[in-house]
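Worksheet for the structure shown next.
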Amino acid sequence: MSKDNPTLIESATFPRHVIAEIQRAAKTGIYDIRGFGAKRDIPTFDDLVFLGASTSRYPLEGYREKCTTEVVLGNRFAKNPIHLKTPITIAGMSFGSLSAQAKESLGRGASIAGTSTTTGDGGMTPEERGHSKTLVYQYLPSRYGMNPDDLRRADAIEIVLGQGAKPGGGGMLLGQKISPRVAQMRNLPEGIDQRSACRHPDWTGPDDLEIKIQELREITNWEKPIYVKVGATRVFYDVTLAVKAGADVVVVDGMQGGTAATQDVFIEHVGIPTLPAVRLAVEALLEMDMHRKVQLIVSGGIRSGADVAKALALGADAVAIGTAALIALGDQSPEYEEEYKAIGSAAGFWDDYQQGNDPAGITTQDPELAKRLDPKLGGRRLANYLNVLTLELQTLARACGKSHVHNLEPEDMVALTMEAAAMAGVPLAGTEWIPGKGGM
Amino acid sequence: MTEINLDNKSVRELNEKLQSASSGDKFSVNNTVGKHALSVGLTTEVNVDINGHVGYYCAGMNQQAKIKINGNAGPGLAENMMSGEVRVTGNASQYAAATAHGGLLVIEGDASSRCGISMKGVNIVVGGNIGHMSAFMAQSGCLVVCGDAGDALGDSIYEAKIYVRGKVKSLGTDCIEKEMRDEHQKELKQLLKQSRMSYGVDEFRRYGSARKLYNFDIDQVDDY
């Protein structure tokens, strides 16, 4: 209903944004490509609340009693597992989709906060390696920039089978972001659209994956933890197969996970939310008696210490953030409101990362725009944000009486909606009822 | 020549030994029985003779080493090779030299499907035939085929060059036959010599990218 004219009723089936998309499609003949992540309303960690301690439990004193946050990742087979101060890591994002300054900022921020950052499609840059105390090297289907020296320089290897924004899909870096340096790293001509393959070129299926993991371990002297990352779809089976293939760590990325560029229809209609994905992954690990032996990292829409605490309480060992990290660096900043308007968007709404004209200078290869992000300042902002998330996480864990954040458990939470209760496998608030599992 | 017998040494022991060897060292590896990930991640100019069939990813990510397999090779032979030379006297399974950045791979027999998939600078010479979808999304380097090529050769190819002596069952999207100019004849002659294939360059045709799919064009959507 229009504010100015109450007799005008907007259609629930054809609201204005749907009409606009039909009009855009009719005009251009091509689907909408964009970045960011899913924007639709889906059940999230916001639909869960913690049951703080009272008469039946006692809490820990804030600022006085210890609530530790350290996490070890990859101690199943790797000689050199990763030790992090906080269970909040930085997800894989490529140089190419992001500027070199943005990658450096992520490395700086993560290192100050005592956590890891991750490369992306296109390989490892010296800036990123140099400023990242702990760097996870993504092994992707395109193998752009992939070389064994960087593999050996990394602290861990993440084999990417998919991502939450587009499970089953590859990538596309449009020509306007293919600067000479990006082109050289990817061994392709400047200015052409670069397709990133949707599946690996030299194996098919989990049996082959097991042999691929063996090869990577042999090349790196069995030193590096091997992660396997999947987009959240058939999570129970995918996690089971990754563990059987020999992963040290499994990364599950829910549908809210961000992307540099893909079809809107993919972002909004493929994959399942992070909330049920965590539960399914933990169920798979428990069934194999591998929970806490193979670590679980969860990503996709993590924004606050509350989200982190809830993911950990459901059984994750750590989380990864991507979109939130970019916002911490300055993405969507009101400082650039006029420029967002000039490119047909607004601060808080902008999602055309693929265009390379990011006013905040983060998702761009334009040297003038990229200069706007000072890597030291960006790193400081990210470190501040990571510290806030960690403090919030500790606050909630102490309230539940936990001396380590990994002691949070599903029993500490209830759900506010039936959907969330069913997806997370915790009771609906005020009941003992878990849909699909019984109770009253 | 140091002999390593995989009857009494593990794959780990083999690779550790080869990875820590010095340039010029020579090794022979026996009793391979199709084991996977043999002779991977080498970084120096060692010579390795592997006697017997090998499984997946033999010579994976090779740098500088010269590796000869007297037998057949499983999938992913010399995948992501950076430099050096890998030669197999028999046939190679799928995805030989996938994503490889440099060096020379010689397959004296046939290569299966997706040979040279996403190749990024490697040179591949196949003495026999190659399977379907070879040089799919091939970025740079050369694929030389002395026999016939299967379906969809060079589909979505970028700047790699393909030379075929025999018949091509079909070309993939955006792959076309191209003129064989002097520089190509010179390049091919050199590769044939290096790989010890005794064919004349005049017997080959050249294929490469039409470059029509380099930037998305809605009017060509049926080609994708």
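Starting from 1 in every chain, residues are counted up; chains themselves are A, B, ... following the order of the structure tokens, and ligands are numbered from 1 as listed.
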Dump as a ChimeraX atom specification the residues of chain B that approach chain A to within 9 Å, counting only C-alpha atoms.
/B:11-12,15-16,19,36-38,40-42,56-58,60-63,75-76,79-82,94-96,98-99,101,114,117-118,120-121,139-140,158-159,213-216,218
Just want the 9 Å neighbourhood of B:Val29, counted on only C-alpha atoms, with same-chain residues fewer than 4 positions away dropped. Output as an MDAnalysis selection string.
chainID B and resid 2:6 14 48:52
I need the chosen residues saved as a PDB file, in the first residue's frame, with C-alpha atoms.
ATOM      1  CA  THR B   2      69.775 -44.976  -6.940  1.00  0.00           C
ATOM      2  CA  GLU B   3      67.132 -47.681  -7.075  1.00  0.00           C
ATOM      3  CA  ILE B   4      63.942 -47.314  -5.074  1.00  0.00           C
ATOM      4  CA  ASN B   5      61.800 -50.411  -4.855  1.00  0.00           C
ATOM      5  CA  LEU B   6      58.198 -49.691  -3.914  1.00  0.00           C
ATOM      6  CA  LEU B  14      59.920 -42.231  -2.317  1.00  0.00           C
ATOM      7  CA  VAL B  48      63.718 -40.298 -12.514  1.00  0.00           C
ATOM      8  CA  ASP B  49      62.973 -43.481 -14.464  1.00  0.00           C
ATOM      9  CA  ILE B  50      59.787 -45.124 -13.319  1.00  0.00           C
ATOM     10  CA  ASN B  51      59.496 -48.716 -14.477  1.00  0.00           C
ATOM     11  CA  GLY B  52      55.903 -49.921 -14.501  1.00  0.00           C
TER      12      GLY B  52
END
From a DSSP calculation on the backbone, collect every residue of stretch 125-369 of chain A in alpha helix (DSSP H) and output the set as a ChimeraX atom specification.
/A:126-131,148-153,180-186,205-219,235-244,264-269,274-287,305-313,323-329,337-342,367-369
May I have the residues from that selection written out with C-alpha atoms, as a PDB file, in the first residue's frame?
ATOM      1  CA  PRO A 126      53.113 -11.289  -2.062  1.00  0.00           C
ATOM      2  CA  GLU A 127      51.266  -8.492  -0.210  1.00  0.00           C
ATOM      3  CA  GLU A 128      48.779 -10.975   1.135  1.00  0.00           C
ATOM      4  CA  ARG A 129      51.384 -13.546   2.154  1.00  0.00           C
ATOM      5  CA  GLY A 130      53.594 -10.893   3.660  1.00  0.00           C
ATOM      6  CA  HIS A 131      50.881  -9.413   5.839  1.00  0.00           C
ATOM      7  CA  PRO A 148      53.457 -25.495  -5.870  1.00  0.00           C
ATOM      8  CA  ASP A 149      55.712 -22.790  -4.396  1.00  0.00           C
ATOM      9  CA  ASP A 150      52.691 -20.917  -3.058  1.00  0.00           C
ATOM     10  CA  LEU A 151      51.217 -24.198  -1.889  1.00  0.00           C
ATOM     11  CA  ARG A 152      54.337 -24.745   0.194  1.00  0.00           C
ATOM     12  CA  ARG A 153      54.311 -21.108   1.381  1.00  0.00           C
ATOM     13  CA  PRO A 180      47.311  -6.294 -16.456  1.00  0.00           C
ATOM     14  CA  ARG A 181      48.369  -7.744 -13.090  1.00  0.00           C
ATOM     15  CA  VAL A 182      45.238  -9.895 -12.721  1.00  0.00           C
ATOM     16  CA  ALA A 183      45.594 -11.070 -16.328  1.00  0.00           C
ATOM     17  CA  GLN A 184      49.238 -11.953 -15.822  1.00  0.00           C
ATOM     18  CA  MET A 185      48.531 -13.909 -12.626  1.00  0.00           C
ATOM     19  CA  ARG A 186      45.771 -15.844 -14.353  1.00  0.00           C
ATOM     20  CA  GLY A 205      33.835 -37.727  -7.124  1.00  0.00           C
ATOM     21  CA  PRO A 206      34.947 -38.463  -3.582  1.00  0.00           C
ATOM     22  CA  ASP A 207      37.170 -41.452  -4.388  1.00  0.00           C
ATOM     23  CA  ASP A 208      39.297 -39.260  -6.630  1.00  0.00           C
ATOM     24  CA  LEU A 209      39.256 -36.510  -3.998  1.00  0.00           C
ATOM     25  CA  GLU A 210      40.911 -38.889  -1.550  1.00  0.00           C
ATOM     26  CA  ILE A 211      43.773 -39.402  -4.022  1.00  0.00           C
ATOM     27  CA  LYS A 212      43.994 -35.656  -4.707  1.00  0.00           C
ATOM     28  CA  ILE A 213      44.354 -35.019  -0.977  1.00  0.00           C
ATOM     29  CA  GLN A 214      47.102 -37.632  -0.869  1.00  0.00           C
ATOM     30  CA  GLU A 215      48.922 -35.850  -3.715  1.00  0.00           C
ATOM     31  CA  LEU A 216      48.673 -32.446  -2.013  1.00  0.00           C
ATOM     32  CA  ARG A 217      49.979 -33.926   1.231  1.00  0.00           C
ATOM     33  CA  GLU A 218      52.862 -35.586  -0.579  1.00  0.00           C
ATOM     34  CA  ILE A 219      53.792 -32.301  -2.268  1.00  0.00           C
ATOM     35  CA  VAL A 235      25.434 -31.235   3.919  1.00  0.00           C
ATOM     36  CA  PHE A 236      25.237 -34.527   5.813  1.00  0.00           C
ATOM     37  CA  TYR A 237      26.513 -36.538   2.863  1.00  0.00           C
ATOM     38  CA  ASP A 238      29.030 -33.966   1.670  1.00  0.00           C
ATOM     39  CA  VAL A 239      30.635 -33.677   5.090  1.00  0.00           C
ATOM     40  CA  THR A 240      30.689 -37.455   5.452  1.00  0.00           C
ATOM     41  CA  LEU A 241      32.412 -37.856   2.090  1.00  0.00           C
ATOM     42  CA  ALA A 242      34.927 -35.079   2.788  1.00  0.00           C
ATOM     43  CA  VAL A 243      35.901 -36.721   6.071  1.00  0.00           C
ATOM     44  CA  LYS A 244      36.174 -40.137   4.439  1.00  0.00           C
ATOM     45  CA  ASP A 264      20.988 -13.469  -8.777  1.00  0.00           C
ATOM     46  CA  VAL A 265      18.867 -16.556  -9.436  1.00  0.00           C
ATOM     47  CA  PHE A 266      21.752 -18.702  -8.178  1.00  0.00           C
ATOM     48  CA  ILE A 267      22.361 -16.617  -5.060  1.00  0.00           C
ATOM     49  CA  GLU A 268      18.742 -16.635  -3.984  1.00  0.00           C
ATOM     50  CA  HIS A 269      17.574 -20.103  -5.053  1.00  0.00           C
ATOM     51  CA  THR A 274      23.595 -21.684   7.392  1.00  0.00           C
ATOM     52  CA  LEU A 275      21.343 -22.538  10.341  1.00  0.00           C
ATOM     53  CA  PRO A 276      20.383 -26.097   9.274  1.00  0.00           C
ATOM     54  CA  ALA A 277      23.766 -26.565   7.576  1.00  0.00           C
ATOM     55  CA  VAL A 278      25.607 -26.429  10.913  1.00  0.00           C
ATOM     56  CA  ARG A 279      23.349 -29.014  12.493  1.00  0.00           C
ATOM     57  CA  LEU A 280      23.622 -31.382   9.533  1.00  0.00           C
ATOM     58  CA  ALA A 281      27.411 -31.079   9.449  1.00  0.00           C
ATOM     59  CA  VAL A 282      27.687 -31.777  13.165  1.00  0.00           C
ATOM     60  CA  GLU A 283      25.362 -34.767  12.856  1.00  0.00           C
ATOM     61  CA  ALA A 284      27.606 -36.194  10.145  1.00  0.00           C
ATOM     62  CA  LEU A 285      30.724 -35.713  12.284  1.00  0.00           C
ATOM     63  CA  LEU A 286      29.068 -37.217  15.360  1.00  0.00           C
ATOM     64  CA  GLU A 287      27.886 -40.242  13.426  1.00  0.00           C
ATOM     65  CA  GLY A 305      29.405 -12.397  18.246  1.00  0.00           C
ATOM     66  CA  ALA A 306      25.928 -13.808  18.795  1.00  0.00           C
ATOM     67  CA  ASP A 307      26.054 -15.520  15.392  1.00  0.00           C
ATOM     68  CA  VAL A 308      29.475 -16.913  16.230  1.00  0.00           C
ATOM     69  CA  ALA A 309      28.342 -18.149  19.635  1.00  0.00           C
ATOM     70  CA  LYS A 310      25.281 -19.846  18.163  1.00  0.00           C
ATOM     71  CA  ALA A 311      27.285 -21.566  15.418  1.00  0.00           C
ATOM     72  CA  LEU A 312      29.746 -22.804  18.035  1.00  0.00           C
ATOM     73  CA  ALA A 313      26.947 -23.901  20.357  1.00  0.00           C
ATOM     74  CA  THR A 323      30.881  -9.934   3.589  1.00  0.00           C
ATOM     75  CA  ALA A 324      31.062  -8.652   7.171  1.00  0.00           C
ATOM     76  CA  ALA A 325      34.842  -8.293   6.850  1.00  0.00           C
ATOM     77  CA  LEU A 326      34.428  -6.169   3.712  1.00  0.00           C
ATOM     78  CA  ILE A 327      31.889  -3.979   5.523  1.00  0.00           C
ATOM     79  CA  ALA A 328      34.395  -3.584   8.360  1.00  0.00           C
ATOM     80  CA  LEU A 329      36.958  -2.386   5.803  1.00  0.00           C
ATOM     81  CA  GLU A 337      26.716   8.011  -0.366  1.00  0.00           C
ATOM     82  CA  GLU A 338      26.825  10.456  -3.263  1.00  0.00           C
ATOM     83  CA  GLU A 339      28.982   8.131  -5.334  1.00  0.00           C
ATOM     84  CA  TYR A 340      26.769   5.147  -4.645  1.00  0.00           C
ATOM     85  CA  LYS A 341      23.857   7.283  -5.878  1.00  0.00           C
ATOM     86  CA  ALA A 342      25.803   8.187  -9.009  1.00  0.00           C
ATOM     87  CA  PRO A 367      44.114   2.053  -9.172  1.00  0.00           C
ATOM     88  CA  GLU A 368      42.522   5.405  -8.329  1.00  0.00           C
ATOM     89  CA  LEU A 369      39.600   3.833  -6.488  1.00  0.00           C
TER      90      LEU A 369
END
Residues of stretch 75-150 of chain B in strand (DSSP E or B), written as a list in words
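These are the residues in question: Glu85, Val86, Arg87, Val88, Ala92, Leu104, Leu105, Val106, Ile107, Ala111, Lys120, Gly121, Val122, Asn123, Ile124, Val125, Val126, Ile130, Ser140, Gly141, Cys142, Leu143, Val144, Val145 and Ala149 of chain B.
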Long-range neighbours of B:Glu85 as a list in words, 6 Å cut-off, only C-alpha atoms, 5 positions minimum in chain:
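Those residues are Lys66, Gly103, Leu104 and Leu105 of chain B.
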Please produce an output containing N, CA and C atoms for each residue in the selection, written as a compact mmCIF listing (two decimals), in the first residue's frame.
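Contents of result_25.txt, as written:
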# COMPACT_ATOMS: atom_id res chain seq x y z
N LYS B 66 63.25 -34.37 -14.69
CA LYS B 66 63.01 -35.11 -15.93
C LYS B 66 62.54 -36.50 -15.52
N GLY B 103 56.87 -26.53 -19.04
CA GLY B 103 57.52 -27.82 -19.24
C GLY B 103 56.98 -28.53 -20.46
N LEU B 104 57.45 -29.77 -20.63
CA LEU B 104 57.05 -30.58 -21.79
C LEU B 104 56.55 -31.94 -21.31
N LEU B 105 55.37 -32.30 -21.77
CA LEU B 105 54.84 -33.65 -21.52
C LEU B 105 54.78 -34.38 -22.85
Near stretch 189-197 of chain B, within 10 Å and counting only C-alpha atoms, which residues show up once chain neighbours fewer than 4 positions away are dropped, as number ranges by chain?
B: 85, 87, 104-108, 123-127, 142-144, 146, 183-185, 201-202
How would the residues just picked look written out with N, CA and C atoms as a short mmCIF file (atom, residue, chain, number, x, y, z; two decimals), in the first residue's frame?
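Here's the written file result33.cif:
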data_model
loop_
_atom_site.label_atom_id
_atom_site.label_comp_id
_atom_site.auth_asym_id
_atom_site.auth_seq_id
_atom_site.Cartn_x
_atom_site.Cartn_y
_atom_site.Cartn_z
N GLU B 85 60.49 -32.05 -17.74
CA GLU B 85 59.98 -32.89 -18.82
C GLU B 85 59.46 -34.20 -18.25
N ARG B 87 57.82 -37.88 -19.63
CA ARG B 87 57.58 -38.71 -20.81
C ARG B 87 56.97 -40.02 -20.35
N LEU B 104 57.45 -29.77 -20.63
CA LEU B 104 57.05 -30.58 -21.79
C LEU B 104 56.55 -31.94 -21.31
N LEU B 105 55.37 -32.30 -21.77
CA LEU B 105 54.84 -33.65 -21.52
C LEU B 105 54.78 -34.38 -22.85
N VAL B 106 55.43 -35.56 -22.90
CA VAL B 106 55.37 -36.38 -24.11
C VAL B 106 54.66 -37.68 -23.77
N ILE B 107 53.60 -37.96 -24.50
CA ILE B 107 52.89 -39.23 -24.34
C ILE B 107 53.11 -40.00 -25.63
N GLU B 108 53.87 -41.06 -25.57
CA GLU B 108 54.21 -41.77 -26.81
C GLU B 108 53.01 -42.52 -27.37
N ASN B 123 53.66 -27.46 -22.85
CA ASN B 123 53.63 -28.05 -24.19
C ASN B 123 53.39 -29.55 -24.05
N ILE B 124 52.46 -30.07 -24.83
CA ILE B 124 52.10 -31.48 -24.75
C ILE B 124 52.26 -32.07 -26.16
N VAL B 125 52.95 -33.18 -26.26
CA VAL B 125 53.05 -33.87 -27.55
C VAL B 125 52.55 -35.30 -27.35
N VAL B 126 51.55 -35.67 -28.13
CA VAL B 126 50.96 -37.00 -28.02
C VAL B 126 51.29 -37.76 -29.31
N GLY B 127 51.93 -38.92 -29.17
CA GLY B 127 52.31 -39.70 -30.34
C GLY B 127 51.12 -40.33 -31.03
N CYS B 142 51.06 -25.34 -26.09
CA CYS B 142 50.76 -26.06 -27.33
C CYS B 142 50.36 -27.51 -27.05
N LEU B 143 49.38 -27.97 -27.78
CA LEU B 143 49.03 -29.38 -27.75
C LEU B 143 49.26 -29.93 -29.16
N VAL B 144 50.19 -30.89 -29.27
CA VAL B 144 50.52 -31.48 -30.56
C VAL B 144 49.99 -32.92 -30.57
N CYS B 146 49.84 -36.30 -32.85
CA CYS B 146 50.36 -36.95 -34.06
C CYS B 146 49.33 -37.90 -34.67
N GLU B 183 55.94 -18.95 -38.22
CA GLU B 183 56.29 -19.06 -36.79
C GLU B 183 55.70 -20.33 -36.17
N HIS B 184 54.53 -20.74 -36.70
CA HIS B 184 53.91 -21.96 -36.16
C HIS B 184 54.68 -23.19 -36.62
N GLN B 185 55.11 -23.16 -37.86
CA GLN B 185 55.89 -24.30 -38.39
C GLN B 185 57.19 -24.46 -37.59
N VAL B 201 56.32 -31.18 -40.44
CA VAL B 201 55.36 -30.17 -39.99
C VAL B 201 54.24 -29.96 -41.01
N ASP B 202 54.51 -30.27 -42.27
CA ASP B 202 53.49 -30.09 -43.30
C ASP B 202 52.31 -31.04 -43.14
#
Can you pull out every residue within 7 Å of B:Ala73, counting only C-alpha atoms, but drop anything in the same chain fewer than 3 positions away, and send it as number ranges by chain?
B: 53-55, 77, 91-93
A:Leu382 surroundings by only C-alpha atoms, 12 Å radius, close-in-sequence under 2 positions cut, as an NGL selection string:
:A and (88-90 or 102-115 or 117 or 321-331 or 375-380 or 384-389)
Selected residues, N, CA and C atoms, written as a compact mmCIF listing (two decimals), in the first residue's frame, please.
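Result file is result_30.txt:
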# COMPACT_ATOMS: atom_id res chain seq x y z
N ILE A 88 37.29 -17.01 14.84
CA ILE A 88 36.64 -16.26 13.76
C ILE A 88 37.69 -16.00 12.68
N THR A 89 37.56 -16.67 11.56
CA THR A 89 38.56 -16.59 10.48
C THR A 89 38.01 -15.75 9.32
N ILE A 90 38.92 -15.41 8.40
CA ILE A 90 38.51 -14.65 7.22
C ILE A 90 38.37 -15.61 6.04
N ALA A 102 42.92 -4.21 -0.50
CA ALA A 102 41.91 -4.87 0.33
C ALA A 102 42.44 -6.20 0.85
N LYS A 103 43.14 -6.94 -0.02
CA LYS A 103 43.71 -8.23 0.42
C LYS A 103 44.73 -7.99 1.53
N GLU A 104 45.53 -6.95 1.35
CA GLU A 104 46.53 -6.66 2.38
C GLU A 104 45.84 -6.28 3.70
N SER A 105 44.77 -5.50 3.60
CA SER A 105 44.02 -5.11 4.81
C SER A 105 43.50 -6.33 5.55
N LEU A 106 42.98 -7.29 4.79
CA LEU A 106 42.44 -8.50 5.42
C LEU A 106 43.56 -9.24 6.15
N GLY A 107 44.72 -9.32 5.50
CA GLY A 107 45.86 -9.99 6.13
C GLY A 107 46.29 -9.28 7.40
N ARG A 108 46.38 -7.95 7.31
CA ARG A 108 46.80 -7.17 8.48
C ARG A 108 45.81 -7.34 9.63
N GLY A 109 44.53 -7.17 9.32
CA GLY A 109 43.50 -7.26 10.37
C GLY A 109 43.47 -8.62 11.03
N ALA A 110 43.51 -9.65 10.20
CA ALA A 110 43.47 -11.02 10.73
C ALA A 110 44.69 -11.29 11.61
N SER A 111 45.85 -10.80 11.17
CA SER A 111 47.08 -11.07 11.93
C SER A 111 47.04 -10.36 13.29
N ILE A 112 46.55 -9.12 13.31
CA ILE A 112 46.46 -8.40 14.60
C ILE A 112 45.53 -9.17 15.55
N ALA A 113 44.42 -9.67 15.00
CA ALA A 113 43.43 -10.34 15.85
C ALA A 113 43.82 -11.78 16.16
N GLY A 114 44.87 -12.28 15.54
CA GLY A 114 45.32 -13.65 15.84
C GLY A 114 44.54 -14.72 15.12
N THR A 115 44.10 -14.40 13.90
CA THR A 115 43.36 -15.42 13.16
C THR A 115 43.93 -15.55 11.74
N THR A 117 43.63 -15.71 7.42
CA THR A 117 42.91 -15.22 6.25
C THR A 117 43.14 -16.22 5.12
N ILE A 321 34.20 -15.30 8.12
CA ILE A 321 33.41 -14.15 7.68
C ILE A 321 33.99 -13.58 6.39
N GLY A 322 33.12 -13.13 5.51
CA GLY A 322 33.56 -12.54 4.25
C GLY A 322 32.91 -11.18 4.05
N THR A 323 31.60 -11.20 3.81
CA THR A 323 30.88 -9.93 3.59
C THR A 323 31.06 -8.98 4.77
N ALA A 324 30.94 -9.51 5.99
CA ALA A 324 31.06 -8.65 7.17
C ALA A 324 32.46 -8.05 7.25
N ALA A 325 33.47 -8.81 6.83
CA ALA A 325 34.84 -8.29 6.85
C ALA A 325 34.98 -7.13 5.86
N LEU A 326 34.36 -7.26 4.70
CA LEU A 326 34.43 -6.17 3.71
C LEU A 326 33.72 -4.92 4.24
N ILE A 327 32.60 -5.12 4.94
CA ILE A 327 31.89 -3.98 5.52
C ILE A 327 32.77 -3.32 6.59
N ALA A 328 33.48 -4.15 7.35
CA ALA A 328 34.40 -3.58 8.36
C ALA A 328 35.49 -2.75 7.70
N LEU A 329 35.93 -3.16 6.52
CA LEU A 329 36.96 -2.39 5.80
C LEU A 329 36.42 -1.06 5.28
N GLY A 330 35.11 -1.00 5.04
CA GLY A 330 34.54 0.25 4.52
C GLY A 330 33.50 0.09 3.44
N ASP A 331 33.24 -1.15 3.04
CA ASP A 331 32.20 -1.39 2.04
C ASP A 331 30.86 -0.88 2.57
N PRO A 375 45.58 0.31 3.61
CA PRO A 375 45.62 -1.04 4.18
C PRO A 375 45.85 -1.07 5.69
N LYS A 376 46.60 -0.09 6.19
CA LYS A 376 46.83 -0.07 7.65
C LYS A 376 45.54 0.25 8.39
N LEU A 377 44.84 1.26 7.88
CA LEU A 377 43.58 1.65 8.51
C LEU A 377 42.54 0.54 8.34
N GLY A 378 42.49 -0.02 7.14
CA GLY A 378 41.54 -1.12 6.89
C GLY A 378 41.82 -2.29 7.81
N GLY A 379 43.10 -2.62 7.96
CA GLY A 379 43.48 -3.71 8.84
C GLY A 379 43.09 -3.44 10.28
N ARG A 380 43.26 -2.18 10.70
CA ARG A 380 42.90 -1.82 12.08
C ARG A 380 41.39 -1.96 12.29
N ASN A 384 39.60 -4.43 14.89
CA ASN A 384 38.64 -3.95 15.89
C ASN A 384 37.35 -4.77 15.84
N TYR A 385 36.88 -4.95 14.61
CA TYR A 385 35.62 -5.70 14.44
C TYR A 385 35.77 -7.14 14.94
N LEU A 386 36.87 -7.78 14.58
CA LEU A 386 37.09 -9.17 15.03
C LEU A 386 37.17 -9.22 16.56
N ASN A 387 37.80 -8.21 17.15
CA ASN A 387 37.89 -8.19 18.61
C ASN A 387 36.50 -8.03 19.24
N VAL A 388 35.67 -7.20 18.63
CA VAL A 388 34.31 -7.03 19.16
C VAL A 388 33.55 -8.35 19.08
N LEU A 389 33.66 -9.03 17.94
CA LEU A 389 32.97 -10.32 17.80
C LEU A 389 33.43 -11.29 18.89
A:Val136 environment, 12 Å, only C-alpha atoms, sequence neighbours closer than 3 positions dropped, as number ranges by chain:
A: 73-74, 81-82, 89-93, 107, 110, 115-120, 123-124, 128-129, 132-133, 139, 150-160, 224-229, 249, 320
